[in-house]
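Following: one structure in structure tokens, then a few remarks.
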Amino acid sequence: MAILTGIVIVLHLIVSFALVILILLHSGRGGGLSDVFGGGMMSSNLGGSTVVERNLDRLTVITGVVFAITTVALTWLLAS
């Protein structure tokens, strides 16, 4: 059980770091780090989002779900 706990902890740390990076890449009101990677090149105030922004949103949601799963797995593993 200790090996499984170690694997989940390492996965949780990787996912946590990835989630922080992905959230920082989102553009806020004044732009963001996504402008560095081409997210702001075609920005307009018409309400449309680019393919890069949609993919970034999807990746952030998937990473958030994996973070929640690893959090629940850690609480379950460490409680027993």
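Identifiers for the structure tokens are assigned positionally: chains receive A, B, ... in sequence, residues are indexed from 1 per chain, and ligands are indexed from 1 in the order shown.
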
Can you pull out the residues contacting Arg58 (chain A)? Cut-off 12 Å, using only C-alpha atoms, and skip same-chain residues under 4 positions away; I want them as a PDB file with C-alpha atoms, in the first residue's frame.
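File written: around23.pdb
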```
ATOM      1  CA  LEU A  19      -2.795  22.976 -13.023  1.00  0.00           C
ATOM      2  CA  LEU A  22      -2.448  26.054 -17.065  1.00  0.00           C
ATOM      3  CA  ILE A  23      -4.353  28.543 -14.922  1.00  0.00           C
ATOM      4  CA  HIS A  26      -5.362  31.824 -19.228  1.00  0.00           C
ATOM      5  CA  VAL A  51      -8.948  27.310 -31.003  1.00  0.00           C
ATOM      6  CA  VAL A  52      -5.981  27.782 -28.679  1.00  0.00           C
ATOM      7  CA  GLU A  53      -8.202  29.201 -25.932  1.00  0.00           C
ATOM      8  CA  ARG A  54     -10.757  26.413 -26.274  1.00  0.00           C
ATOM      9  CA  ILE A  62      -9.260  17.693 -17.586  1.00  0.00           C
ATOM     10  CA  THR A  63      -6.316  18.527 -15.331  1.00  0.00           C
ATOM     11  CA  GLY A  64      -8.717  19.814 -12.664  1.00  0.00           C
ATOM     12  CA  VAL A  65     -10.695  16.561 -12.768  1.00  0.00           C
TER      13      VAL A  65
END
```

Got a sec: who's within 9 Å of Thr5 (chain A), counting only C-alpha atoms, leaving out chain neighbours fewer than 4 positions off, as a VMD selection string? chain A and resid 1 9 to 10 73 to 74 77 to 78

Nearest to Ser27 (chain A), restricted to only C-alpha atoms and choosing among A:Ile3, A:Val61, A:Ile69, A:Leu56, comes out as A:Leu56

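Shell of Ala18 (chain A) at 10 Å, with only C-alpha atoms counted and residues fewer than 6 places along the chain excluded, is His12, Leu24, Leu59, Thr60, Thr63, Gly64 and Phe67 of chain A.
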
Preceding selection exported with N, CA and C atoms as a PDB file, in the first residue's frame:
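File produced: result17.pdb:
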```pdb
ATOM      1  N   HIS A  12       0.026  13.389  -7.966  1.00  0.00           N
ATOM      2  CA  HIS A  12      -0.676  14.563  -7.447  1.00  0.00           C
ATOM      3  C   HIS A  12       0.204  15.814  -7.545  1.00  0.00           C
ATOM      4  N   LEU A  24      -2.326  29.879 -15.045  1.00  0.00           N
ATOM      5  CA  LEU A  24      -1.580  31.101 -15.349  1.00  0.00           C
ATOM      6  C   LEU A  24      -1.575  31.413 -16.843  1.00  0.00           C
ATOM      7  N   LEU A  59      -8.068  21.441 -21.620  1.00  0.00           N
ATOM      8  CA  LEU A  59      -6.935  20.855 -20.912  1.00  0.00           C
ATOM      9  C   LEU A  59      -6.953  21.232 -19.429  1.00  0.00           C
ATOM     10  N   THR A  60      -7.363  22.451 -19.126  1.00  0.00           N
ATOM     11  CA  THR A  60      -7.453  22.880 -17.733  1.00  0.00           C
ATOM     12  C   THR A  60      -8.541  22.109 -16.992  1.00  0.00           C
ATOM     13  N   THR A  63      -7.311  18.538 -16.391  1.00  0.00           N
ATOM     14  CA  THR A  63      -6.316  18.527 -15.331  1.00  0.00           C
ATOM     15  C   THR A  63      -6.969  18.751 -13.976  1.00  0.00           C
ATOM     16  N   GLY A  64      -7.984  19.596 -13.909  1.00  0.00           N
ATOM     17  CA  GLY A  64      -8.717  19.814 -12.664  1.00  0.00           C
ATOM     18  C   GLY A  64      -9.438  18.564 -12.197  1.00  0.00           C
ATOM     19  N   PHE A  67      -6.872  16.233 -10.846  1.00  0.00           N
ATOM     20  CA  PHE A  67      -6.471  16.731  -9.527  1.00  0.00           C
ATOM     21  C   PHE A  67      -7.482  16.316  -8.460  1.00  0.00           C
TER      22      PHE A  67
END
```

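Our summary of the geometry notes that CA of Val20 (chain A) is positioned 18.8 Å from CA of Val72 (chain A).
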
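Between Asp57 (chain A) and the candidates A:Phe17, A:Leu25, A:Ala79, A:Thr70, the tightest atom-to-atom separation, counting only C-alpha atoms, involves A:Leu25.
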
Give me, please, the distance in Å between CA of Val66 (chain A) and CA of Ile14 (chain A), quoted to one decimal.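 Separation between CA of Val66 (chain A) and CA of Ile14 (chain A): 10.6 Å.
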